>>> print(open('protein_14.txt').read())   # compact mmCIF, C-alpha atoms
# COMPACT_ATOMS: atom_id res chain seq x y z
CA MET J 1 123.26 110.37 69.42
CA THR J 2 125.69 107.60 70.37
CA TYR J 3 125.74 106.29 73.94
CA ALA J 4 128.39 104.16 75.68
CA ILE J 5 125.87 101.55 76.78
CA ASP J 6 127.11 98.48 78.65
CA PRO J 7 127.90 95.82 76.01
CA GLU J 8 125.64 93.21 77.61
CA LEU J 9 122.76 95.69 77.52
CA ALA J 10 123.56 96.93 74.03
CA ALA J 11 123.19 93.39 72.72
CA VAL J 12 119.47 93.34 73.62
CA LEU J 13 118.60 96.78 72.27
CA PRO J 14 117.48 95.44 68.85
CA MET J 15 114.88 93.30 70.64
CA ILE J 16 113.38 96.18 72.64
CA PRO J 17 110.41 97.72 70.81
CA ALA J 18 110.40 101.44 70.21
CA SER J 19 108.66 103.35 72.98
CA ASP J 20 106.07 105.61 71.35
CA LEU J 21 103.52 107.23 73.65
CA THR J 22 101.85 109.38 71.01
CA ASP J 23 99.23 106.62 70.57
CA LEU J 24 98.47 105.93 74.23
CA PRO J 25 95.94 103.08 73.78
CA ALA J 26 98.39 101.24 71.55
CA ALA J 27 101.26 101.93 73.95
CA ARG J 28 99.24 100.59 76.88
CA ALA J 29 98.29 97.46 74.97
CA SER J 30 101.88 96.87 73.87
CA PHE J 31 103.13 97.36 77.43
CA SER J 32 100.58 94.90 78.83
CA ASP J 33 101.44 92.38 76.11
CA MET J 34 105.14 92.65 76.97
CA ILE J 35 104.47 91.99 80.66
CA ALA J 36 102.16 89.06 79.84
CA ALA J 37 104.78 87.52 77.55
CA MET J 38 107.40 87.36 80.28
CA PRO J 39 108.07 84.00 81.94
CA LYS J 40 105.57 83.17 84.66
CA PRO J 41 107.21 84.00 88.02
CA GLU J 42 107.67 81.43 90.75
CA SER J 43 105.11 81.98 93.53
CA GLU J 44 105.81 78.96 95.75
CA GLY J 45 105.94 79.91 99.41
CA ILE J 46 104.07 83.19 98.90
CA LEU J 47 100.34 83.66 99.48
CA VAL J 48 99.00 86.21 96.99
CA GLU J 49 95.66 87.95 97.53
CA ASP J 50 93.92 90.66 95.50
CA ARG J 51 91.62 93.08 97.29
CA ARG J 52 89.80 96.33 96.71
CA ILE J 53 90.01 98.88 99.49
CA PRO J 54 88.25 102.22 100.06
CA GLY J 55 89.67 104.93 97.85
CA PRO J 56 89.90 108.67 98.49
CA ALA J 57 86.65 110.46 99.34
CA GLY J 58 84.31 110.34 96.36
CA ALA J 59 86.64 108.09 94.35
CA PRO J 60 86.40 104.42 93.35
CA ASP J 61 87.88 101.62 95.42
CA VAL J 62 91.61 101.05 95.01
CA PRO J 63 92.94 97.63 93.93
CA ILE J 64 95.81 96.24 95.97
CA ARG J 65 97.72 92.96 95.90
CA ILE J 66 99.08 91.46 99.11
CA TYR J 67 102.06 89.08 99.17
CA ARG J 68 102.47 87.11 102.40
CA PRO J 69 105.43 84.76 102.91
CA GLU J 70 104.29 81.45 104.37
CA GLN J 71 107.27 81.71 106.72
CA PRO J 72 107.78 85.42 107.48
CA VAL J 73 111.02 86.45 109.15
CA ALA J 74 109.97 89.82 110.58
CA PRO J 75 106.82 91.93 111.14
CA ALA J 76 107.75 94.46 108.45
CA ALA J 77 106.30 95.43 105.08
CA VAL J 78 107.21 96.91 101.71
CA TYR J 79 104.57 99.14 100.11
CA ASP J 80 105.10 99.08 96.33
CA VAL J 81 104.06 101.70 93.75
CA HIS J 82 104.41 100.65 90.10
CA GLY J 83 105.84 102.74 87.29
CA GLY J 84 104.57 103.53 83.82
CA GLY J 85 105.00 107.26 83.31
CA PHE J 86 101.79 108.01 85.26
CA ILE J 87 99.89 106.81 82.18
CA MET J 88 100.40 103.03 81.96
CA GLY J 89 100.58 100.03 84.22
CA ASP J 90 98.72 98.00 86.81
CA LEU J 91 99.40 95.39 89.47
CA GLU J 92 101.00 93.05 86.94
CA ILE J 93 104.01 95.28 86.24
CA ASP J 94 105.75 94.63 89.55
CA HIS J 95 104.23 91.20 90.21
CA ALA J 96 107.39 89.18 89.54
CA ARG J 97 109.60 91.59 91.48
CA ASN J 98 107.19 91.70 94.42
CA LEU J 99 107.26 87.91 94.65
CA VAL J 100 111.05 88.12 94.81
CA LEU J 101 110.93 90.83 97.49
CA ALA J 102 108.45 88.88 99.62
CA ARG J 103 110.53 85.71 99.29
CA GLU J 104 114.00 87.20 99.70
CA LEU J 105 113.07 89.59 102.50
CA GLY J 106 110.55 87.36 104.25
CA VAL J 107 108.12 90.25 104.79
CA VAL J 108 104.69 91.27 103.57
CA VAL J 109 104.55 93.25 100.33
CA VAL J 110 101.50 95.36 99.47
CA SER J 111 101.25 96.66 95.91
CA VAL J 112 98.82 99.40 94.90
CA GLU J 113 97.12 100.06 91.55
CA TYR J 114 96.26 103.71 91.08
CA ARG J 115 94.11 105.47 88.50
CA LEU J 116 96.07 106.57 85.45
CA ALA J 117 96.47 109.91 83.72
CA PRO J 118 95.26 111.59 81.58
CA GLU J 119 91.87 110.13 82.54
CA THR J 120 92.72 110.86 86.18
CA PRO J 121 95.35 113.59 86.49
CA PHE J 122 97.12 114.73 89.65
CA PRO J 123 96.20 114.55 92.50
CA GLY J 124 94.04 111.46 91.84
CA PRO J 125 96.84 108.90 91.40
CA LEU J 126 98.74 110.16 94.45
CA GLU J 127 95.59 110.15 96.58
CA ASP J 128 95.00 106.52 95.58
CA VAL J 129 98.54 105.67 96.62
CA TYR J 130 98.07 107.51 99.92
CA ALA J 131 94.80 105.64 100.57
CA GLY J 132 96.63 102.35 100.09
CA LEU J 133 99.35 103.34 102.54
CA VAL J 134 96.78 104.39 105.15
CA TRP J 135 94.96 101.07 104.70
CA THR J 136 98.21 99.13 105.10
CA ALA J 137 99.08 100.94 108.33
CA GLU J 138 95.55 100.63 109.73
CA HIS J 139 95.47 96.89 108.94
CA ALA J 140 98.99 96.22 110.18
CA ALA J 141 97.80 93.79 112.87
CA GLU J 142 95.83 91.77 110.31
CA LEU J 143 98.87 91.69 108.03
CA GLY J 144 101.22 90.75 110.87
CA VAL J 145 103.16 93.98 110.41
CA ASP J 146 104.60 96.53 112.79
CA PRO J 147 103.21 99.86 111.48
CA GLN J 148 106.54 101.47 112.37
CA ARG J 149 108.35 99.16 109.91
CA ILE J 150 106.79 99.99 106.54
CA ALA J 151 109.12 100.93 103.69
CA ILE J 152 107.79 102.46 100.49
CA HIS J 153 109.21 101.33 97.15
CA GLY J 154 108.67 102.69 93.67
CA SER J 155 110.42 102.88 90.31
CA SER J 156 110.16 105.51 87.57
CA ALA J 157 106.79 107.23 87.92
CA GLY J 158 106.28 104.94 90.90
CA GLY J 159 109.44 106.42 92.40
CA GLY J 160 108.07 109.91 91.84
CA LEU J 161 104.76 108.94 93.44
CA ALA J 162 106.64 107.36 96.36
CA ALA J 163 108.60 110.57 96.86
CA GLY J 164 105.36 112.57 96.77
CA LEU J 165 103.81 110.06 99.16
CA ALA J 166 106.60 110.61 101.68
CA LEU J 167 106.04 114.36 101.54
CA LEU J 168 102.27 113.97 101.83
CA ALA J 169 102.46 111.54 104.76
CA ARG J 170 104.84 113.88 106.58
CA ASP J 171 102.68 116.95 106.06
CA ARG J 172 99.37 115.23 106.86
CA GLY J 173 100.72 113.49 109.90
CA GLY J 174 99.90 110.22 108.15
CA PRO J 175 101.39 106.76 108.58
CA ARG J 176 105.03 106.57 109.57
CA ILE J 177 107.28 105.58 106.69
CA ALA J 178 110.44 103.82 107.82
CA PHE J 179 112.29 104.15 104.51
CA GLN J 180 111.79 105.35 100.94
CA TYR J 181 113.28 103.42 98.02
CA LEU J 182 113.20 105.67 94.96
CA GLY J 183 114.29 103.78 91.85
CA VAL J 184 115.00 105.99 88.79
CA PRO J 185 112.32 108.42 90.07
CA GLU J 186 110.34 110.78 87.85
CA LEU J 187 110.41 113.96 89.93
CA ASP J 188 110.63 117.17 87.89
CA ASP J 189 108.04 118.55 85.48
CA ARG J 190 110.30 121.41 84.39
CA LEU J 191 112.34 119.14 82.09
CA SER J 192 115.37 121.40 82.32
CA THR J 193 118.20 119.24 83.68
CA PRO J 194 121.20 118.47 81.43
CA SER J 195 120.25 114.80 81.10
CA MET J 196 116.63 115.63 80.27
CA THR J 197 117.74 118.17 77.68
CA ALA J 198 120.33 115.90 76.07
CA PHE J 199 118.69 112.46 76.03
CA THR J 200 116.08 112.82 73.29
CA ASP J 201 116.50 109.36 71.75
CA THR J 202 117.58 107.04 74.59
CA PRO J 203 116.00 103.57 74.79
CA ILE J 204 112.60 103.14 76.49
CA TRP J 205 112.50 106.60 78.10
CA ASN J 206 113.53 109.90 76.55
CA ARG J 207 112.62 113.57 76.59
CA PRO J 208 109.67 113.28 74.12
CA ASN J 209 108.10 110.59 76.30
CA ALA J 210 108.68 112.69 79.42
CA VAL J 211 106.85 115.62 77.81
CA ILE J 212 103.83 113.40 77.08
CA SER J 213 103.95 111.93 80.57
CA TRP J 214 103.92 115.25 82.41
CA ASP J 215 101.30 116.79 80.12
CA ALA J 216 99.05 113.84 80.93
CA TYR J 217 99.70 113.95 84.67
CA LEU J 218 99.38 117.71 85.19
CA GLY J 219 97.37 118.81 82.17
CA ALA J 220 98.61 120.06 78.81
CA GLY J 221 100.53 123.30 79.15
CA VAL J 222 100.84 123.06 82.94
CA PRO J 223 104.27 121.42 83.32
CA GLY J 224 106.99 123.97 83.88
CA THR J 225 104.63 126.73 84.95
CA ASP J 226 104.41 128.35 88.35
CA GLY J 227 102.27 126.74 91.02
CA VAL J 228 102.88 123.06 90.26
CA SER J 229 102.55 121.18 93.54
CA PRO J 230 105.67 119.61 95.04
CA TYR J 231 103.49 116.58 95.83
CA ALA J 232 103.21 116.14 92.05
CA ALA J 233 106.81 117.08 91.26
CA PRO J 234 108.87 116.52 94.41
CA ALA J 235 111.93 118.17 92.85
CA ARG J 236 110.08 121.45 93.45
CA ALA J 237 109.84 120.88 97.22
CA THR J 238 111.71 123.47 99.24
CA ASP J 239 111.36 121.73 102.62
CA LEU J 240 112.69 118.18 102.71
CA ALA J 241 113.47 118.07 106.42
CA GLY J 242 112.00 115.21 108.40
CA LEU J 243 111.61 112.83 105.47
CA PRO J 244 112.40 109.13 105.95
CA PRO J 245 115.86 107.81 105.10
CA ALA J 246 116.14 107.22 101.38
CA TYR J 247 117.85 105.26 98.66
CA VAL J 248 117.91 106.75 95.16
CA SER J 249 119.09 104.92 92.04
CA VAL J 250 119.70 106.52 88.66
CA MET J 251 120.72 105.13 85.29
CA HIS J 252 123.57 106.53 83.22
CA PHE J 253 121.73 107.27 79.97
CA ASP J 254 118.33 108.14 81.39
CA PRO J 255 116.79 111.61 81.06
CA LEU J 256 115.62 111.22 84.67
CA ARG J 257 119.22 110.82 85.87
CA ASP J 258 119.99 114.37 86.95
CA GLU J 259 116.70 115.04 88.71
CA GLY J 260 117.23 111.90 90.77
CA ILE J 261 120.75 113.01 91.69
CA GLY J 262 119.50 116.51 92.47
CA TYR J 263 116.74 115.23 94.73
CA ALA J 264 119.13 112.95 96.60
CA LEU J 265 121.53 115.86 97.19
CA ALA J 266 118.67 118.13 98.28
CA MET J 267 117.48 115.56 100.81
CA LEU J 268 121.03 115.15 102.06
CA ALA J 269 121.35 118.93 102.50
CA ALA J 270 118.11 118.86 104.51
CA GLY J 271 119.55 116.35 106.95
CA VAL J 272 117.95 113.21 105.49
CA THR J 273 120.08 110.06 105.41
CA VAL J 274 120.49 109.20 101.72
CA GLU J 275 122.24 106.55 99.65
CA LEU J 276 122.68 107.36 95.95
CA HIS J 277 123.78 104.94 93.25
CA LEU J 278 124.38 105.61 89.56
CA PHE J 279 124.67 102.43 87.51
CA PRO J 280 127.11 102.97 84.61
CA GLY J 281 126.28 102.10 81.03
CA THR J 282 122.60 101.64 81.80
CA PHE J 283 119.39 103.17 80.48
CA HIS J 284 115.88 103.53 81.87
CA GLY J 285 114.41 100.05 82.13
CA SER J 286 117.66 98.28 81.32
CA GLY J 287 116.79 95.78 84.05
CA LEU J 288 114.63 94.15 81.36
CA ALA J 289 117.91 92.45 80.44
CA PRO J 290 118.30 90.44 83.66
CA HIS J 291 121.26 88.43 82.37
CA ALA J 292 123.50 91.51 82.33
CA ALA J 293 125.90 91.75 85.26
CA VAL J 294 124.92 95.36 85.96
CA SER J 295 121.23 94.40 86.06
CA GLN J 296 122.00 91.59 88.48
CA ARG J 297 123.88 94.02 90.72
CA GLU J 298 120.95 96.42 90.66
CA SER J 299 118.48 93.65 91.54
CA ALA J 300 120.64 92.32 94.36
CA GLU J 301 121.14 95.82 95.72
CA THR J 302 117.38 96.42 95.87
CA VAL J 303 116.99 93.44 98.18
CA GLY J 304 120.06 94.35 100.21
CA VAL J 305 119.03 97.96 100.72
CA LEU J 306 115.53 97.05 101.85
CA ARG J 307 116.84 94.28 104.10
CA GLN J 308 119.11 96.75 105.88
CA ALA J 309 116.47 99.50 106.00
CA LEU J 310 113.94 97.20 107.67
CA ALA J 311 116.55 95.71 110.02
CA LEU J 312 115.92 92.17 108.79
>>> encode(input="protein_14.txt", output="structure tokens")
Amino acid sequence: MTYAIDPELAAVLPMIPASDLTDLPAARASFSDMIAAMPKPESEGILVEDRRIPGPAGAPDVPIRIYRPEQPVAPAAVYDVHGGGFIMGDLEIDHARNLVLARELGVVVVSVEYRLAPETPFPGPLEDVYAGLVWTAEHAAELGVDPQRIAIHGSSAGGGLAAGLALLARDRGGPRIAFQYLGVPELDDRLSTPSMTAFTDTPIWNRPNAVISWDAYLGAGVPGTDGVSPYAAPARATDLAGLPPAYVSVMHFDPLRDEGIGYALAMLAAGVTVELHLFPGTFHGSGLAPHAAVSQRESAETVGVLRQALAL
């Protein structure tokens, strides 16, 4: 299928390796190698600390990474959840971006590393993410953070986990979330939207990869069946009232596009303040081409949205 991809992004497509999740160990190794090969990010002015915190009951400790600006501008925090289709990734994925967020916003950033599927299916990864949020709120004084000014931030599967986290925190009476930033979120296991049906060969993420992702996260044969938890697939949630204000971004040629739009509209109908942005000519992960004007707009908007949400 031919896609009207932004010319600046199209120019880098030949350099992007094919995304094949059928061999998961190889895909994980390739993904880690790609992250490691990227230019080393600038960390001056940011204190970075790795910790392990108590995990959910009966589960291992959860790794987190804390970014503290040497000259903070406000007692607020961003709680980051990395992407990777529920099946790949670690603290390194968002490391460069979290340094930028800590520096540009002047606030603490806490990033969480959760257990991956299929070795740990739902609800394990979400419970790890929830444990990290609880720890951040409970240690707000130590971090120099107002527990009422914590925004959650996630992209792709991280966006789906962040959406599930907002639902879980609301329903458990957990930590207050001031804002939810849902970048290209993976939200719907039913795989039935027009974009998910049509985009079978788009760069980086496509329907075949989504099938593998959801089978790993929920268990083979479970996606699309009755009884899937809305905490796993937030697009299934029927009660979105009382959720934090939200920003949702979607990419033009991304199978996740329509579920992100649908979730934004559903939150809006439930009375949640929502900002929705579709970036034209883009694909899932097109920010890997940072020189492109549309990628620069997306990056700048991330900072701007969070700055406004946290009243910085």
>>> atom_distance(input="protein_14.txt", atom1="CA of Val211 in chain J", atom2="CA of Ile93 in chain J")
22.2 Å
>>> residues_around(input="protein_14.txt", residues="Glu127 in chain J", least_positions_apart="4", cutoff="10 Å", atoms="all atoms listed in the file", output="number ranges by chain")
J: 55-57, 59, 114-115, 122-123, 131-133, 161, 165, 168
>>> residues_around(input="protein_14.txt", residues="Met88 in chain J", least_positions_apart="6", cutoff="8 Å", atoms="all atoms listed in the file", output="list in words")
Arg28, Phe31 and Leu116 of chain J
>>> closest_atom_pairs(input="protein_14.txt", of="range 171-283 of chain J", to="range 289-293 of chain J", cutoff="12 Å", atoms="all atoms listed in the file", output="JSON lines")
{"residue": "J:Phe279", "atom": "CA", "partner": "J:Ala293", "partner_atom": "CA", "distance": 11.0}
{"residue": "J:Pro280", "atom": "CA", "partner": "J:Ala293", "partner_atom": "CA", "distance": 11.3}
{"residue": "J:Gly281", "atom": "CA", "partner": "J:Ala292", "partner_atom": "CA", "distance": 11.0}
{"residue": "J:Thr282", "atom": "CA", "partner": "J:Ala292", "partner_atom": "CA", "distance": 10.2}
{"residue": "J:Phe283", "atom": "CA", "partner": "J:Ala289", "partner_atom": "CA", "distance": 10.8}
>>> closest_residue(input="protein_14.txt", among="J:Thr273, J:Thr238, J:Gln308, J:Ser195", to="Leu167 in chain J", atoms="only C-alpha atoms")
J:Thr238
>>> residues_around(input="protein_14.txt", residues="Glu259 in chain J", least_positions_apart="6", cutoff="7 Å", atoms="all atoms listed in the file", output="ChimeraX atom specification")
/J:187-188,193
>>> residues_around(input="protein_14.txt", residues="Ala246 in chain J", least_positions_apart="3", cutoff="8 Å", atoms="all atoms listed in the file", output="list of chain:residue names")
J:Phe179, J:Gln180, J:Tyr181, J:Leu182, J:Val272, J:Thr273, J:Val274, J:Glu275
>>> closest_atom_pairs(input="protein_14.txt", of="range 249-280 of chain J", to="range 297-300 of chain J", cutoff="10 Å", atoms="all atoms listed in the file", output="JSON lines")
{"residue": "J:Ser249", "atom": "CA", "partner": "J:Glu298", "partner_atom": "CA", "distance": 8.8}
{"residue": "J:His277", "atom": "CA", "partner": "J:Glu298", "partner_atom": "CA", "distance": 9.3}
{"residue": "J:Leu278", "atom": "CA", "partner": "J:Glu298", "partner_atom": "CA", "distance": 9.9}
{"residue": "J:Phe279", "atom": "CA", "partner": "J:Glu298", "partner_atom": "CA", "distance": 7.7}
>>> closest_residue(input="protein_14.txt", among="J:Asn209, J:Tyr247, J:His95, J:Ser19", to="Lys40 in chain J", atoms="all atoms listed in the file")
J:His95
>>> closest_residue(input="protein_14.txt", among="J:Tyr231, J:Trp135, J:Tyr67, J:Phe86", to="Val109 in chain J", atoms="only C-alpha atoms")
J:Tyr67
>>> closest_residue(input="protein_14.txt", among="J:Gly285, J:Gly85, J:Pro245, J:Gly58", to="Pro118 in chain J", atoms="all atoms listed in the file")
J:Gly85
>>> closest_residue(input="protein_14.txt", among="J:Glu301, J:Leu47, J:Tyr79, J:Glu186", to="Tyr263 in chain J", atoms="all atoms listed in the file")
J:Glu186
>>> atom_distance(input="protein_14.txt", atom1="CA of Tyr3 in chain J", atom2="CA of Asp254 in chain J")
10.7 Å
>>> closest_residue(input="protein_14.txt", among="J:Ile177, J:Val12, J:Val303, J:Ile35", to="Gly84 in chain J", atoms="all atoms listed in the file")
J:Ile35
>>> residues_near_point(input="protein_14.txt", point="(118.6, 115.5, 105.1)", cutoff="9 Å", atoms="only C-alpha atoms", output="list in words")
Leu240, Ala241, Gly242, Leu243, Pro244, Pro245, Ala264, Leu265, Ala266, Met267, Leu268, Ala269, Ala270, Gly271, Val272, Thr273 and Val274 of chain J
>>> write_last_selection(input="protein_14.txt", atoms="C-alpha atoms", output="PDB file, keeping the file's coordinate frame")
ATOM      1  CA  LEU J 240     112.690 118.180 102.710  1.00  0.00           C
ATOM      2  CA  ALA J 241     113.470 118.070 106.420  1.00  0.00           C
ATOM      3  CA  GLY J 242     112.000 115.210 108.400  1.00  0.00           C
ATOM      4  CA  LEU J 243     111.610 112.830 105.470  1.00  0.00           C
ATOM      5  CA  PRO J 244     112.400 109.130 105.950  1.00  0.00           C
ATOM      6  CA  PRO J 245     115.860 107.810 105.100  1.00  0.00           C
ATOM      7  CA  ALA J 264     119.130 112.950  96.600  1.00  0.00           C
ATOM      8  CA  LEU J 265     121.530 115.860  97.190  1.00  0.00           C
ATOM      9  CA  ALA J 266     118.670 118.130  98.280  1.00  0.00           C
ATOM     10  CA  MET J 267     117.480 115.560 100.810  1.00  0.00           C
ATOM     11  CA  LEU J 268     121.030 115.150 102.060  1.00  0.00           C
ATOM     12  CA  ALA J 269     121.350 118.930 102.500  1.00  0.00           C
ATOM     13  CA  ALA J 270     118.110 118.860 104.510  1.00  0.00           C
ATOM     14  CA  GLY J 271     119.550 116.350 106.950  1.00  0.00           C
ATOM     15  CA  VAL J 272     117.950 113.210 105.490  1.00  0.00           C
ATOM     16  CA  THR J 273     120.080 110.060 105.410  1.00  0.00           C
ATOM     17  CA  VAL J 274     120.490 109.200 101.720  1.00  0.00           C
TER      18      VAL J 274
END
>>> residues_near_point(input="protein_14.txt", point="(109.2, 119.8, 76.2)", cutoff="10 Å", atoms="only C-alpha atoms", output="PyMOL selection string")
chain J and resi 189-192+196-197+207-212+214-215+221+223-224
>>> write_last_selection(input="protein_14.txt", atoms="C-alpha atoms", output="tab-separated table (two decimals), in the coordinates of the input")
chain	number	residue	atom	x	y	z
J	189	ASP	CA	108.04	118.55	85.48
J	190	ARG	CA	110.30	121.41	84.39
J	191	LEU	CA	112.34	119.14	82.09
J	192	SER	CA	115.37	121.40	82.32
J	196	MET	CA	116.63	115.63	80.27
J	197	THR	CA	117.74	118.17	77.68
J	207	ARG	CA	112.62	113.57	76.59
J	208	PRO	CA	109.67	113.28	74.12
J	209	ASN	CA	108.10	110.59	76.30
J	210	ALA	CA	108.68	112.69	79.42
J	211	VAL	CA	106.85	115.62	77.81
J	212	ILE	CA	103.83	113.40	77.08
J	214	TRP	CA	103.92	115.25	82.41
J	215	ASP	CA	101.30	116.79	80.12
J	221	GLY	CA	100.53	123.30	79.15
J	223	PRO	CA	104.27	121.42	83.32
J	224	GLY	CA	106.99	123.97	83.88
>>> build_atoms(input="protein_14.txt", residues="range 10-36 of chain J", atoms="N, CA and C atoms", output="tab-separated table (two decimals), keeping the file's coordinate frame")
chain	number	residue	atom	x	y	z
J	10	ALA	N	123.63	96.53	75.43
J	10	ALA	CA	123.56	96.93	74.03
J	10	ALA	C	123.13	95.76	73.14
J	11	ALA	N	123.52	94.56	73.53
J	11	ALA	CA	123.19	93.39	72.72
J	11	ALA	C	121.69	93.13	72.64
J	12	VAL	N	120.91	93.60	73.64
J	12	VAL	CA	119.47	93.34	73.62
J	12	VAL	C	118.68	94.50	73.05
J	13	LEU	N	119.33	95.61	72.76
J	13	LEU	CA	118.60	96.78	72.27
J	13	LEU	C	117.77	96.50	71.01
J	14	PRO	N	118.29	95.71	70.04
J	14	PRO	CA	117.48	95.44	68.85
J	14	PRO	C	116.17	94.72	69.14
J	15	MET	N	116.08	94.05	70.30
J	15	MET	CA	114.88	93.30	70.64
J	15	MET	C	113.88	94.12	71.46
J	16	ILE	N	114.28	95.33	71.86
J	16	ILE	CA	113.38	96.18	72.64
J	16	ILE	C	112.56	97.03	71.69
J	17	PRO	N	111.23	96.93	71.73
J	17	PRO	CA	110.41	97.72	70.81
J	17	PRO	C	110.53	99.20	71.09
J	18	ALA	N	110.36	99.99	70.05
J	18	ALA	CA	110.40	101.44	70.21
J	18	ALA	C	109.30	101.89	71.15
J	19	SER	N	109.62	102.85	71.99
J	19	SER	CA	108.66	103.35	72.98
J	19	SER	C	108.02	104.62	72.44
J	20	ASP	N	106.79	104.49	71.95
J	20	ASP	CA	106.07	105.61	71.35
J	20	ASP	C	104.78	105.84	72.12
J	21	LEU	N	104.70	106.94	72.84
J	21	LEU	CA	103.52	107.23	73.65
J	21	LEU	C	102.52	108.15	72.95
J	22	THR	N	102.77	108.48	71.70
J	22	THR	CA	101.85	109.38	71.01
J	22	THR	C	100.49	108.72	70.77
J	23	ASP	N	100.48	107.39	70.65
J	23	ASP	CA	99.23	106.62	70.57
J	23	ASP	C	99.10	105.86	71.88
J	24	LEU	N	98.47	106.49	72.88
J	24	LEU	CA	98.47	105.93	74.23
J	24	LEU	C	97.75	104.59	74.31
J	25	PRO	N	96.57	104.41	73.71
J	25	PRO	CA	95.94	103.08	73.78
J	25	PRO	C	96.83	101.98	73.24
J	26	ALA	N	97.50	102.25	72.13
J	26	ALA	CA	98.39	101.24	71.55
J	26	ALA	C	99.59	101.00	72.46
J	27	ALA	N	100.12	102.08	73.06
J	27	ALA	CA	101.26	101.93	73.95
J	27	ALA	C	100.88	101.12	75.18
J	28	ARG	N	99.68	101.36	75.72
J	28	ARG	CA	99.24	100.59	76.88
J	28	ARG	C	99.07	99.12	76.53
J	29	ALA	N	98.49	98.85	75.39
J	29	ALA	CA	98.29	97.46	74.97
J	29	ALA	C	99.62	96.76	74.75
J	30	SER	N	100.57	97.46	74.12
J	30	SER	CA	101.88	96.87	73.87
J	30	SER	C	102.61	96.59	75.18
J	31	PHE	N	102.48	97.53	76.13
J	31	PHE	CA	103.13	97.36	77.43
J	31	PHE	C	102.55	96.16	78.17
J	32	SER	N	101.24	96.03	78.17
J	32	SER	CA	100.58	94.90	78.83
J	32	SER	C	100.97	93.58	78.16
J	33	ASP	N	101.04	93.59	76.83
J	33	ASP	CA	101.44	92.38	76.11
J	33	ASP	C	102.87	91.97	76.48
J	34	MET	N	103.75	92.95	76.62
J	34	MET	CA	105.14	92.65	76.97
J	34	MET	C	105.22	92.01	78.35
J	35	ILE	N	104.47	92.55	79.31
J	35	ILE	CA	104.47	91.99	80.66
J	35	ILE	C	103.90	90.57	80.64
J	36	ALA	N	102.80	90.37	79.89
J	36	ALA	CA	102.16	89.06	79.84
J	36	ALA	C	103.05	88.02	79.18
